[in-house]
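S.K.: Pasting a structure here, questions to come.
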Amino acid sequence: IGVRLVGSEMCIRDSYNIAMKEKRELLRFNVDIVNHCNLNCISCGHFSPLAKKEFLDPTEFEADCKRLNILTGGQIERLELMGGEPLLHPYLLDIMHIARKYFRGQINICTNGILVTEMSEEFFKVCSELDIAIAITLYPIKLNWQKIEELITKNKVNLIKVSTKNHNRRIWFKNHRDLSGNQNIETNFKKCRWGNNCIILEHGRLATCVMPFKTTYYNQYYKVDTFKISKSDSISIYEAENISEILEFLSKPISACRYCLPDNDEMIEWKVSNKQIEEWS
């Protein structure tokens with residue numbers, strides 16, 4: 001039990017894995033249990049400011065976890081319960097119990113920290129009993145760290161502080177997109193910080209990054225068809241014959257890679273999104 005500080009941008013990632021695209025030995029994946037957020041950062045990589053209010057159905061989550069348990073034997077590298085803001089989920093405790101029921105390995109709740117001090121005693125008890133860490137991304141906002149750390153110590157919960165560049169200043173990062181989709185997918189995937197690292201599970205499918213699922217919010221909000229995503233950009237956990245097939249798929253580029261500009265990440269002033277379309281271009 002304790003506090004760890006790790007480096008990250010959009011999800012917890014090990015720096016030595018950023019440029020690697022080898023087939024993984026164990027599955028690591030993220031699940032956005034809430035699509036919307038109570039912070040709504042400008043240029044959010046998950047497009048959360050554009051998402052409708054929606055919570056993952058625990059029944060669906062359990063079905064997907066059960067299938068992945070069959071495929072993996074229950075042994076995974078890491079599962080991150082994310083968002084949006086996961087602490088907004090009305091059935092968060094159920095989600096946590098389901099996650100630990102089916103998986104051995106590291107499980108984190110990735111939060112912006114705003115709601116941590118408002119969580120129930122039962123929440124902290126479940127975190128401790130199920131060995132689920134609270135991972136707080138260090139956004140350039142004020143949090144009551146004294147109270148947070150008192151709760152963490154009192155309840156014997158693991159706390160991970162996820163650093164971002166210049167989090168002690170109002171500096172943020174923007175991932176530019178090529179809306180024409182004319183980029184080379186192999187080159188982009190090789191350079192990408194997300195591919196095969198920030199793997200997403202959504203509605204029974206796994207994708208190597210957020211693009212196949214989260215760009216839907218952009219298309220829906222602005223009523224456009226800019227990001228053309230197909231089923232070939234993700235893999236069904238129900239159709240795959242084994243975990244090796246899934247891990248092989250996740251280690252390779254996808255068609256959606258053509259929209260990314262991994263060399264053009266920009267440091268910008270952090271602020272709350274005003275949902276201008278230019279934030280994601």
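Following the order of the structure tokens, chains are lettered A, B, ..., residues in each are numbered from 1, and ligands are numbered from 1.
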Per residue of segment 93-182 of chain A within 12 Å of segment 186-190 of chain A, what are the shortest atom pair and its distance in Å to one decimal, counting only C-alpha atoms, with rows by chain and residue number, as a tab-separated table?
M.R.:
```
residue	atom	partner	partner_atom	distance
A:Arg177	CA	A:Asn188	CA	11.5
A:Asp178	CA	A:Asn188	CA	11.5
A:Gly181	CA	A:Asn188	CA	11.6
A:Asn182	CA	A:Asn188	CA	11.0
```
S.K.: Please produce an output containing N, CA, C and O atoms for each residue in the selection, written as a PDB file, in the first residue's frame.
M.R.:
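Listing of selection.pdb after writing:
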```pdb
ATOM      1  N   ARG A 177      -5.063  16.055 -35.750  1.00  0.00           N
ATOM      2  CA  ARG A 177      -5.574  15.013 -36.646  1.00  0.00           C
ATOM      3  C   ARG A 177      -5.551  15.487 -38.092  1.00  0.00           C
ATOM      4  O   ARG A 177      -5.765  16.673 -38.368  1.00  0.00           O
ATOM      5  N   ASP A 178      -5.289  14.569 -38.995  1.00  0.00           N
ATOM      6  CA  ASP A 178      -5.408  14.838 -40.415  1.00  0.00           C
ATOM      7  C   ASP A 178      -6.816  14.420 -40.829  1.00  0.00           C
ATOM      8  O   ASP A 178      -7.095  13.238 -41.014  1.00  0.00           O
ATOM      9  N   GLY A 181      -7.454  12.127 -43.751  1.00  0.00           N
ATOM     10  CA  GLY A 181      -7.118  10.706 -43.652  1.00  0.00           C
ATOM     11  C   GLY A 181      -6.096  10.248 -44.665  1.00  0.00           C
ATOM     12  O   GLY A 181      -6.168   9.116 -45.167  1.00  0.00           O
ATOM     13  N   ASN A 182      -5.111  11.111 -44.950  1.00  0.00           N
ATOM     14  CA  ASN A 182      -4.135  10.794 -45.991  1.00  0.00           C
ATOM     15  C   ASN A 182      -2.767  10.348 -45.460  1.00  0.00           C
ATOM     16  O   ASN A 182      -1.802  10.287 -46.216  1.00  0.00           O
TER      17      ASN A 182
END
```
S.K.: Show me a table, sorted first by chain and then by increasing residue number, of the residues of segment 79-125 of chain A having an atom at most 10 Å from segment 135-159 of chain A, each with its shortest atom pair and the distance in Å to one decimal, counting only C-alpha atoms and written as a Markdown table.
M.R.:
```
| residue | atom | partner | partner_atom | distance |
| --- | --- | --- | --- | --- |
| A:Glu80 | CA | A:Ala135 | CA | 9.0 |
| A:Leu81 | CA | A:Ala135 | CA | 9.7 |
| A:Met82 | CA | A:Ala135 | CA | 9.8 |
| A:Ile107 | CA | A:Ala135 | CA | 9.8 |
| A:Asn108 | CA | A:Ala135 | CA | 6.1 |
| A:Ile109 | CA | A:Ala135 | CA | 5.7 |
| A:Cys110 | CA | A:Ala135 | CA | 4.7 |
| A:Thr111 | CA | A:Ile136 | CA | 5.0 |
| A:Asn112 | CA | A:Thr137 | CA | 5.4 |
| A:Gly113 | CA | A:Ile136 | CA | 5.4 |
| A:Ile114 | CA | A:Leu143 | CA | 6.6 |
| A:Leu115 | CA | A:Leu143 | CA | 9.5 |
| A:Val116 | CA | A:Ile148 | CA | 6.8 |
| A:Thr117 | CA | A:Ile148 | CA | 6.0 |
| A:Glu118 | CA | A:Ile148 | CA | 9.7 |
| A:Met119 | CA | A:Leu151 | CA | 9.8 |
| A:Glu121 | CA | A:Asn155 | CA | 8.4 |
| A:Glu122 | CA | A:Asn155 | CA | 10.0 |
| A:Phe123 | CA | A:Asn155 | CA | 9.8 |
| A:Phe124 | CA | A:Asn155 | CA | 6.1 |
| A:Lys125 | CA | A:Asn155 | CA | 6.5 |
```
S.K.: With DSSP run on the backbone, what are the helix (DSSP H, G or I) residues within segment 14-258 of chain A? I'd like them as a ChimeraX atom specification.
M.R.: /A:15-17,48-50,58-72,86-88,92-102,116-118,121-129,145-155,185-191,211-222,231-233,243-250,255-258
S.K.: What's the separation between atom CA of Leu206 of chain A and atom CA of Cys44 of chain A, in Å to one decimal place?
M.R.: 20.6 Å
S.K.: Considering only C-alpha atoms, state which residue in the set A:Arg104, A:His97, A:Lys174, A:Arg24 is at the smallest distance from Glu129 of chain A.
M.R.: A:His97
S.K.: Please report, as an mmCIF file with all heavy atoms, in the first residue's frame, each residue of segment 129-206 of chain A to which DSSP assigns strand (DSSP E) when run on this structure's backbone.
M.R.:
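Here's the written file part.cif:
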```cif
data_model
loop_
_atom_site.group_PDB
_atom_site.id
_atom_site.type_symbol
_atom_site.label_atom_id
_atom_site.label_comp_id
_atom_site.auth_asym_id
_atom_site.auth_seq_id
_atom_site.Cartn_x
_atom_site.Cartn_y
_atom_site.Cartn_z
ATOM 1 N N ILE A 132 -7.632 -2.743 -5.801
ATOM 2 C CA ILE A 132 -7.823 -1.874 -6.964
ATOM 3 C C ILE A 132 -7.261 -0.499 -6.625
ATOM 4 O O ILE A 132 -7.676 0.120 -5.641
ATOM 5 C CB ILE A 132 -9.307 -1.771 -7.346
ATOM 6 C CG1 ILE A 132 -9.827 -3.149 -7.787
ATOM 7 C CG2 ILE A 132 -9.521 -0.739 -8.445
ATOM 8 C CD1 ILE A 132 -11.296 -3.182 -8.153
ATOM 9 N N ALA A 133 -6.299 -0.044 -7.408
ATOM 10 C CA ALA A 133 -5.626 1.224 -7.134
ATOM 11 C C ALA A 133 -6.426 2.401 -7.667
ATOM 12 O O ALA A 133 -7.153 2.283 -8.664
ATOM 13 C CB ALA A 133 -4.230 1.235 -7.757
ATOM 14 N N ILE A 134 -6.296 3.531 -6.992
ATOM 15 C CA ILE A 134 -6.855 4.798 -7.478
ATOM 16 C C ILE A 134 -5.730 5.550 -8.168
ATOM 17 O O ILE A 134 -4.734 5.915 -7.537
ATOM 18 C CB ILE A 134 -7.435 5.630 -6.331
ATOM 19 C CG1 ILE A 134 -8.558 4.853 -5.629
ATOM 20 C CG2 ILE A 134 -7.955 6.973 -6.848
ATOM 21 C CD1 ILE A 134 -9.089 5.542 -4.379
ATOM 22 N N ALA A 135 -5.864 5.756 -9.463
ATOM 23 C CA ALA A 135 -4.839 6.440 -10.255
ATOM 24 C C ALA A 135 -5.350 7.830 -10.615
ATOM 25 O O ALA A 135 -6.291 7.972 -11.397
ATOM 26 C CB ALA A 135 -4.512 5.641 -11.518
ATOM 27 N N ILE A 136 -4.751 8.847 -10.024
ATOM 28 C CA ILE A 136 -5.187 10.225 -10.253
ATOM 29 C C ILE A 136 -4.242 10.908 -11.232
ATOM 30 O O ILE A 136 -3.048 11.037 -10.969
ATOM 31 C CB ILE A 136 -5.234 11.020 -8.938
ATOM 32 C CG1 ILE A 136 -6.198 10.363 -7.951
ATOM 33 C CG2 ILE A 136 -5.642 12.469 -9.205
ATOM 34 C CD1 ILE A 136 -6.298 11.069 -6.610
ATOM 35 N N THR A 137 -4.773 11.312 -12.372
ATOM 36 C CA THR A 137 -3.983 12.059 -13.337
ATOM 37 C C THR A 137 -3.794 13.487 -12.838
ATOM 38 O O THR A 137 -4.757 14.130 -12.395
ATOM 39 C CB THR A 137 -4.673 12.078 -14.715
ATOM 40 O OG1 THR A 137 -4.847 10.729 -15.151
ATOM 41 C CG2 THR A 137 -3.825 12.820 -15.740
ATOM 42 N N LEU A 159 -2.432 4.364 -4.117
ATOM 43 C CA LEU A 159 -2.636 5.595 -4.880
ATOM 44 C C LEU A 159 -1.520 5.746 -5.889
ATOM 45 O O LEU A 159 -0.341 5.649 -5.549
ATOM 46 C CB LEU A 159 -2.657 6.813 -3.952
ATOM 47 C CG LEU A 159 -2.656 8.186 -4.630
ATOM 48 C CD1 LEU A 159 -3.936 8.396 -5.440
ATOM 49 C CD2 LEU A 159 -2.495 9.293 -3.585
ATOM 50 N N ILE A 160 -1.900 5.977 -7.147
ATOM 51 C CA ILE A 160 -0.933 6.234 -8.208
ATOM 52 C C ILE A 160 -1.151 7.656 -8.704
ATOM 53 O O ILE A 160 -2.260 8.010 -9.110
ATOM 54 C CB ILE A 160 -1.095 5.246 -9.376
ATOM 55 C CG1 ILE A 160 -0.966 3.802 -8.886
ATOM 56 C CG2 ILE A 160 -0.066 5.526 -10.467
ATOM 57 C CD1 ILE A 160 -1.306 2.766 -9.944
ATOM 58 N N LYS A 161 -0.117 8.474 -8.651
ATOM 59 C CA LYS A 161 -0.197 9.825 -9.207
ATOM 60 C C LYS A 161 0.398 9.783 -10.612
ATOM 61 O O LYS A 161 1.571 9.493 -10.792
ATOM 62 C CB LYS A 161 0.575 10.815 -8.334
ATOM 63 C CG LYS A 161 -0.020 11.003 -6.949
ATOM 64 C CD LYS A 161 0.774 12.015 -6.144
ATOM 65 C CE LYS A 161 0.164 12.230 -4.760
ATOM 66 N NZ LYS A 161 0.934 13.215 -3.958
ATOM 67 N N VAL A 162 -0.445 10.057 -11.595
ATOM 68 C CA VAL A 162 -0.046 9.953 -12.996
ATOM 69 C C VAL A 162 0.350 11.328 -13.500
ATOM 70 O O VAL A 162 -0.493 12.206 -13.681
ATOM 71 C CB VAL A 162 -1.195 9.376 -13.852
ATOM 72 C CG1 VAL A 162 -0.704 9.130 -15.275
ATOM 73 C CG2 VAL A 162 -1.718 8.087 -13.234
ATOM 74 N N SER A 163 1.629 11.532 -13.698
ATOM 75 C CA SER A 163 2.104 12.858 -14.084
ATOM 76 C C SER A 163 1.839 13.142 -15.548
ATOM 77 O O SER A 163 1.826 12.246 -16.392
ATOM 78 C CB SER A 163 3.611 12.992 -13.807
ATOM 79 O OG SER A 163 4.350 12.123 -14.637
ATOM 80 N N ILE A 171 -0.445 24.055 -18.676
ATOM 81 C CA ILE A 171 0.012 23.640 -19.996
ATOM 82 C C ILE A 171 -0.585 22.272 -20.296
ATOM 83 O O ILE A 171 -0.624 21.388 -19.447
ATOM 84 C CB ILE A 171 1.553 23.581 -20.058
ATOM 85 C CG1 ILE A 171 2.165 24.932 -19.696
ATOM 86 C CG2 ILE A 171 2.007 23.133 -21.448
ATOM 87 C CD1 ILE A 171 1.816 26.052 -20.663
ATOM 88 N N TRP A 172 -1.034 22.076 -21.513
ATOM 89 C CA TRP A 172 -1.705 20.856 -21.907
ATOM 90 C C TRP A 172 -1.174 20.410 -23.255
ATOM 91 O O TRP A 172 -0.333 21.072 -23.857
ATOM 92 C CB TRP A 172 -3.218 21.111 -21.967
ATOM 93 C CG TRP A 172 -4.087 19.902 -21.986
ATOM 94 C CD1 TRP A 172 -5.055 19.605 -22.905
ATOM 95 C CD2 TRP A 172 -4.106 18.833 -21.042
ATOM 96 N NE1 TRP A 172 -5.676 18.420 -22.573
ATOM 97 C CE2 TRP A 172 -5.104 17.926 -21.444
ATOM 98 C CE3 TRP A 172 -3.358 18.553 -19.892
ATOM 99 C CZ2 TRP A 172 -5.379 16.756 -20.747
ATOM 100 C CZ3 TRP A 172 -3.635 17.389 -19.195
ATOM 101 C CH2 TRP A 172 -4.633 16.512 -19.621
ATOM 102 N N PHE A 173 -1.614 19.302 -23.734
ATOM 103 C CA PHE A 173 -1.148 18.814 -25.026
ATOM 104 C C PHE A 173 -2.334 18.578 -25.953
ATOM 105 O O PHE A 173 -3.421 18.204 -25.518
ATOM 106 C CB PHE A 173 -0.341 17.521 -24.869
ATOM 107 C CG PHE A 173 -0.940 16.524 -23.924
ATOM 108 C CD1 PHE A 173 -1.912 15.643 -24.339
ATOM 109 C CD2 PHE A 173 -0.532 16.496 -22.602
ATOM 110 C CE1 PHE A 173 -2.474 14.744 -23.465
ATOM 111 C CE2 PHE A 173 -1.094 15.598 -21.713
ATOM 112 C CZ PHE A 173 -2.062 14.710 -22.142
ATOM 113 N N LYS A 174 -2.089 18.814 -27.215
ATOM 114 C CA LYS A 174 -3.117 18.645 -28.237
ATOM 115 C C LYS A 174 -2.616 17.665 -29.283
ATOM 116 O O LYS A 174 -1.516 17.817 -29.806
ATOM 117 C CB LYS A 174 -3.439 19.994 -28.891
ATOM 118 C CG LYS A 174 -4.399 19.899 -30.077
ATOM 119 C CD LYS A 174 -4.691 21.270 -30.664
ATOM 120 C CE LYS A 174 -5.625 21.174 -31.862
ATOM 121 N NZ LYS A 174 -5.974 22.503 -32.412
ATOM 122 N N ILE A 200 -8.404 -0.330 -26.063
ATOM 123 C CA ILE A 200 -9.751 -0.026 -25.575
ATOM 124 C C ILE A 200 -10.693 -1.206 -25.820
ATOM 125 O O ILE A 200 -10.719 -1.773 -26.916
ATOM 126 C CB ILE A 200 -10.321 1.217 -26.283
ATOM 127 C CG1 ILE A 200 -9.428 2.440 -26.063
ATOM 128 C CG2 ILE A 200 -11.751 1.500 -25.811
ATOM 129 C CD1 ILE A 200 -9.443 2.982 -24.655
ATOM 130 N N LEU A 201 -11.470 -1.549 -24.797
ATOM 131 C CA LEU A 201 -12.560 -2.509 -24.931
ATOM 132 C C LEU A 201 -13.869 -1.748 -24.953
ATOM 133 O O LEU A 201 -14.155 -0.949 -24.063
ATOM 134 C CB LEU A 201 -12.564 -3.489 -23.750
ATOM 135 C CG LEU A 201 -13.787 -4.427 -23.657
ATOM 136 C CD1 LEU A 201 -13.794 -5.424 -24.810
ATOM 137 C CD2 LEU A 201 -13.811 -5.147 -22.313
ATOM 138 N N GLU A 202 -14.673 -1.991 -25.977
ATOM 139 C CA GLU A 202 -15.974 -1.336 -26.069
ATOM 140 C C GLU A 202 -16.949 -2.229 -26.821
ATOM 141 O O GLU A 202 -16.675 -2.664 -27.939
ATOM 142 C CB GLU A 202 -15.842 0.026 -26.767
ATOM 143 C CG GLU A 202 -17.101 0.852 -26.719
ATOM 144 C CD GLU A 202 -16.837 2.337 -26.990
ATOM 145 O OE1 GLU A 202 -16.021 2.945 -26.279
ATOM 146 O OE2 GLU A 202 -17.473 2.873 -27.921
ATOM 147 N N ARG A 205 -15.639 -5.449 -28.356
ATOM 148 C CA ARG A 205 -14.580 -5.345 -29.338
ATOM 149 C C ARG A 205 -13.361 -4.655 -28.713
ATOM 150 O O ARG A 205 -13.500 -3.792 -27.828
ATOM 151 C CB ARG A 205 -15.041 -4.571 -30.581
ATOM 152 C CG ARG A 205 -16.276 -5.156 -31.243
ATOM 153 C CD ARG A 205 -16.603 -4.458 -32.560
ATOM 154 N NE ARG A 205 -15.617 -4.766 -33.596
ATOM 155 C CZ ARG A 205 -15.680 -5.839 -34.386
ATOM 156 N NH1 ARG A 205 -16.663 -6.699 -34.262
ATOM 157 N NH2 ARG A 205 -14.754 -6.046 -35.298
ATOM 158 N N LEU A 206 -12.187 -5.023 -29.182
ATOM 159 C CA LEU A 206 -10.939 -4.412 -28.731
ATOM 160 C C LEU A 206 -10.294 -3.670 -29.886
ATOM 161 O O LEU A 206 -10.254 -4.162 -31.019
ATOM 162 C CB LEU A 206 -9.971 -5.476 -28.201
ATOM 163 C CG LEU A 206 -10.268 -6.049 -26.815
ATOM 164 C CD1 LEU A 206 -9.481 -7.339 -26.600
ATOM 165 C CD2 LEU A 206 -9.943 -5.038 -25.717
#
```
S.K.: I'd like the interatomic distance between atom CA of Gly204 of chain A and atom CA of Cys127 of chain A, to a tenth of an Å.
M.R.: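 Computing the Euclidean distance for atom CA of Gly204 of chain A and atom CA of Cys127 of chain A yields 25.4 Å.
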S.K.: Leaving out Leu79 of chain A and any residue of its chain fewer than 2 positions from it, which residues lie within 8 Å of it when counting only C-alpha atoms, given as a JSON list (two decimals) with N, CA, C and O atoms, in the first residue's frame?
M.R.:
```
[["chain", "number", "residue", "atom", "x", "y", "z"],
["A", 28, "ARG", "N", -3.44, -6.09, -21.87],
["A", 28, "ARG", "CA", -3.71, -4.93, -21.04],
["A", 28, "ARG", "C", -4.74, -4.10, -21.78],
["A", 28, "ARG", "O", -4.67, -3.93, -23.00],
["A", 29, "PHE", "N", -5.72, -3.59, -21.07],
["A", 29, "PHE", "CA", -6.76, -2.85, -21.78],
["A", 29, "PHE", "C", -7.46, -1.88, -20.85],
["A", 29, "PHE", "O", -7.38, -1.98, -19.62],
["A", 30, "ASN", "N", -8.12, -0.90, -21.46],
["A", 30, "ASN", "CA", -8.89, 0.13, -20.76],
["A", 30, "ASN", "C", -10.36, -0.02, -21.12],
["A", 30, "ASN", "O", -10.70, -0.41, -22.24],
["A", 31, "VAL", "N", -11.21, 0.33, -20.17],
["A", 31, "VAL", "CA", -12.65, 0.36, -20.43],
["A", 31, "VAL", "C", -13.19, 1.70, -19.97],
["A", 31, "VAL", "O", -13.03, 2.07, -18.80],
["A", 76, "ILE", "N", -4.25, -11.18, -16.73],
["A", 76, "ILE", "CA", -3.99, -10.03, -17.59],
["A", 76, "ILE", "C", -2.84, -9.21, -17.02],
["A", 76, "ILE", "O", -2.45, -9.40, -15.87],
["A", 77, "GLU", "N", -2.33, -8.31, -17.84],
["A", 77, "GLU", "CA", -1.30, -7.40, -17.35],
["A", 77, "GLU", "C", -1.93, -6.28, -16.53],
["A", 77, "GLU", "O", -1.52, -6.00, -15.41],
["A", 81, "LEU", "N", -10.05, 1.15, -15.46],
["A", 81, "LEU", "CA", -11.42, 1.64, -15.54],
["A", 81, "LEU", "C", -11.35, 3.15, -15.72],
["A", 81, "LEU", "O", -10.92, 3.87, -14.82],
["A", 105, "GLY", "N", -4.33, -9.61, -11.86],
["A", 105, "GLY", "CA", -3.46, -8.61, -12.46],
["A", 105, "GLY", "C", -3.81, -7.24, -11.92],
["A", 105, "GLY", "O", -4.72, -7.09, -11.10],
["A", 106, "GLN", "N", -3.12, -6.24, -12.37],
["A", 106, "GLN", "CA", -3.32, -4.88, -11.86],
["A", 106, "GLN", "C", -4.63, -4.30, -12.38],
["A", 106, "GLN", "O", -4.93, -4.38, -13.57],
["A", 107, "ILE", "N", -5.40, -3.72, -11.48],
["A", 107, "ILE", "CA", -6.63, -3.01, -11.87],
["A", 107, "ILE", "C", -6.57, -1.61, -11.26],
["A", 107, "ILE", "O", -6.31, -1.46, -10.06],
["A", 108, "ASN", "N", -6.78, -0.60, -12.08],
["A", 108, "ASN", "CA", -6.76, 0.79, -11.64],
["A", 108, "ASN", "C", -8.06, 1.48, -11.99],
["A", 108, "ASN", "O", -8.67, 1.18, -13.03]]
```
S.K.: Please provide the set of residues having any atom within 12 Å of Ala240 of chain A, restricted to only C-alpha atoms, with same-chain residues fewer than 5 positions apart removed, written as a list of chain:residue names.
M.R.: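 Returned residues: A:Arg67, A:Leu68, A:Ile70, A:Leu71, A:Thr72, A:Gly204, A:Arg205, A:Leu206, A:Ser234, A:Ile235, A:Glu245, A:Ile246, A:Leu247, A:Glu248, A:Phe249.
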S.K.: In Å, how far is it from atom CA of Asp263 of chain A to atom CA of Glu22 of chain A?
M.R.: 20.9 Å
S.K.: Please identify all polymer residues within 9 Å of Lys53 of chain A, counting only C-alpha atoms, omitting same-chain residues fewer than 4 positions from it, and present them as a list in words.
M.R.: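 In the requested format, the answer is Val34, Asn35, His36 and Cys37 of chain A.
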S.K.: Extract, using only C-alpha atoms, all DNA, RNA and protein residues at most 7 Å from Cys41 of chain A, discarding same-chain residues fewer than 4 positions from it, and format them as a PyMOL selection string.
M.R.: chain A and resi 271-273
S.K.: Do you know which residues are at most 12 Å from Asn184 of chain A counting only C-alpha atoms, after dropping those on the same chain fewer than 6 positions away, and could you put them as number ranges by chain?
M.R.: A: 178, 190-192, 253-262
S.K.: Grab the residues selected above and save them as a PDB file, in the first residue's frame with N, CA, C and O atoms.
M.R.:
```pdb
ATOM      1  N   ASP A 178      -5.289  14.569 -38.995  1.00  0.00           N
ATOM      2  CA  ASP A 178      -5.408  14.838 -40.415  1.00  0.00           C
ATOM      3  C   ASP A 178      -6.816  14.420 -40.829  1.00  0.00           C
ATOM      4  O   ASP A 178      -7.095  13.238 -41.014  1.00  0.00           O
ATOM      5  N   LYS A 190       3.979   3.052 -36.085  1.00  0.00           N
ATOM      6  CA  LYS A 190       5.315   2.868 -35.516  1.00  0.00           C
ATOM      7  C   LYS A 190       5.668   3.995 -34.556  1.00  0.00           C
ATOM      8  O   LYS A 190       6.296   3.792 -33.515  1.00  0.00           O
ATOM      9  N   LYS A 191       5.232   5.212 -34.886  1.00  0.00           N
ATOM     10  CA  LYS A 191       5.557   6.380 -34.064  1.00  0.00           C
ATOM     11  C   LYS A 191       4.563   6.610 -32.931  1.00  0.00           C
ATOM     12  O   LYS A 191       4.843   7.374 -32.006  1.00  0.00           O
ATOM     13  N   CYS A 192       3.415   5.961 -33.003  1.00  0.00           N
ATOM     14  CA  CYS A 192       2.300   6.292 -32.111  1.00  0.00           C
ATOM     15  C   CYS A 192       2.566   5.918 -30.659  1.00  0.00           C
ATOM     16  O   CYS A 192       3.063   4.833 -30.356  1.00  0.00           O
ATOM     17  N   PRO A 253      -0.936  -2.034 -37.296  1.00  0.00           N
ATOM     18  CA  PRO A 253      -1.673  -0.800 -37.617  1.00  0.00           C
ATOM     19  C   PRO A 253      -3.070  -1.103 -38.126  1.00  0.00           C
ATOM     20  O   PRO A 253      -3.353  -2.201 -38.614  1.00  0.00           O
ATOM     21  N   ILE A 254      -3.931  -0.112 -37.999  1.00  0.00           N
ATOM     22  CA  ILE A 254      -5.302  -0.215 -38.489  1.00  0.00           C
ATOM     23  C   ILE A 254      -5.573   0.931 -39.450  1.00  0.00           C
ATOM     24  O   ILE A 254      -4.819   1.907 -39.513  1.00  0.00           O
ATOM     25  N   SER A 255      -6.652   0.829 -40.164  1.00  0.00           N
ATOM     26  CA  SER A 255      -7.000   1.861 -41.144  1.00  0.00           C
ATOM     27  C   SER A 255      -7.148   3.238 -40.507  1.00  0.00           C
ATOM     28  O   SER A 255      -6.803   4.260 -41.107  1.00  0.00           O
ATOM     29  N   ALA A 256      -7.663   3.287 -39.267  1.00  0.00           N
ATOM     30  CA  ALA A 256      -7.869   4.567 -38.581  1.00  0.00           C
ATOM     31  C   ALA A 256      -6.569   5.315 -38.314  1.00  0.00           C
ATOM     32  O   ALA A 256      -6.593   6.519 -38.040  1.00  0.00           O
ATOM     33  N   CYS A 257      -5.432   4.634 -38.409  1.00  0.00           N
ATOM     34  CA  CYS A 257      -4.132   5.298 -38.211  1.00  0.00           C
ATOM     35  C   CYS A 257      -3.900   6.411 -39.229  1.00  0.00           C
ATOM     36  O   CYS A 257      -3.073   7.305 -39.004  1.00  0.00           O
ATOM     37  N   ARG A 258      -4.641   6.376 -40.329  1.00  0.00           N
ATOM     38  CA  ARG A 258      -4.419   7.375 -41.379  1.00  0.00           C
ATOM     39  C   ARG A 258      -4.843   8.778 -40.972  1.00  0.00           C
ATOM     40  O   ARG A 258      -4.515   9.759 -41.634  1.00  0.00           O
ATOM     41  N   TYR A 259      -5.580   8.899 -39.863  1.00  0.00           N
ATOM     42  CA  TYR A 259      -6.038  10.209 -39.411  1.00  0.00           C
ATOM     43  C   TYR A 259      -5.079  10.872 -38.412  1.00  0.00           C
ATOM     44  O   TYR A 259      -5.288  12.024 -38.055  1.00  0.00           O
ATOM     45  N   CYS A 260      -4.079  10.159 -37.974  1.00  0.00           N
ATOM     46  CA  CYS A 260      -3.241  10.681 -36.882  1.00  0.00           C
ATOM     47  C   CYS A 260      -2.011  11.419 -37.386  1.00  0.00           C
ATOM     48  O   CYS A 260      -1.533  11.196 -38.505  1.00  0.00           O
ATOM     49  N   LEU A 261      -1.486  12.299 -36.544  1.00  0.00           N
ATOM     50  CA  LEU A 261      -0.275  13.076 -36.827  1.00  0.00           C
ATOM     51  C   LEU A 261       0.638  12.991 -35.604  1.00  0.00           C
ATOM     52  O   LEU A 261       0.761  13.938 -34.836  1.00  0.00           O
ATOM     53  N   PRO A 262       1.277  11.838 -35.388  1.00  0.00           N
ATOM     54  CA  PRO A 262       2.052  11.623 -34.168  1.00  0.00           C
ATOM     55  C   PRO A 262       3.243  12.555 -34.003  1.00  0.00           C
ATOM     56  O   PRO A 262       3.727  12.733 -32.878  1.00  0.00           O
TER      57      PRO A 262
END
```
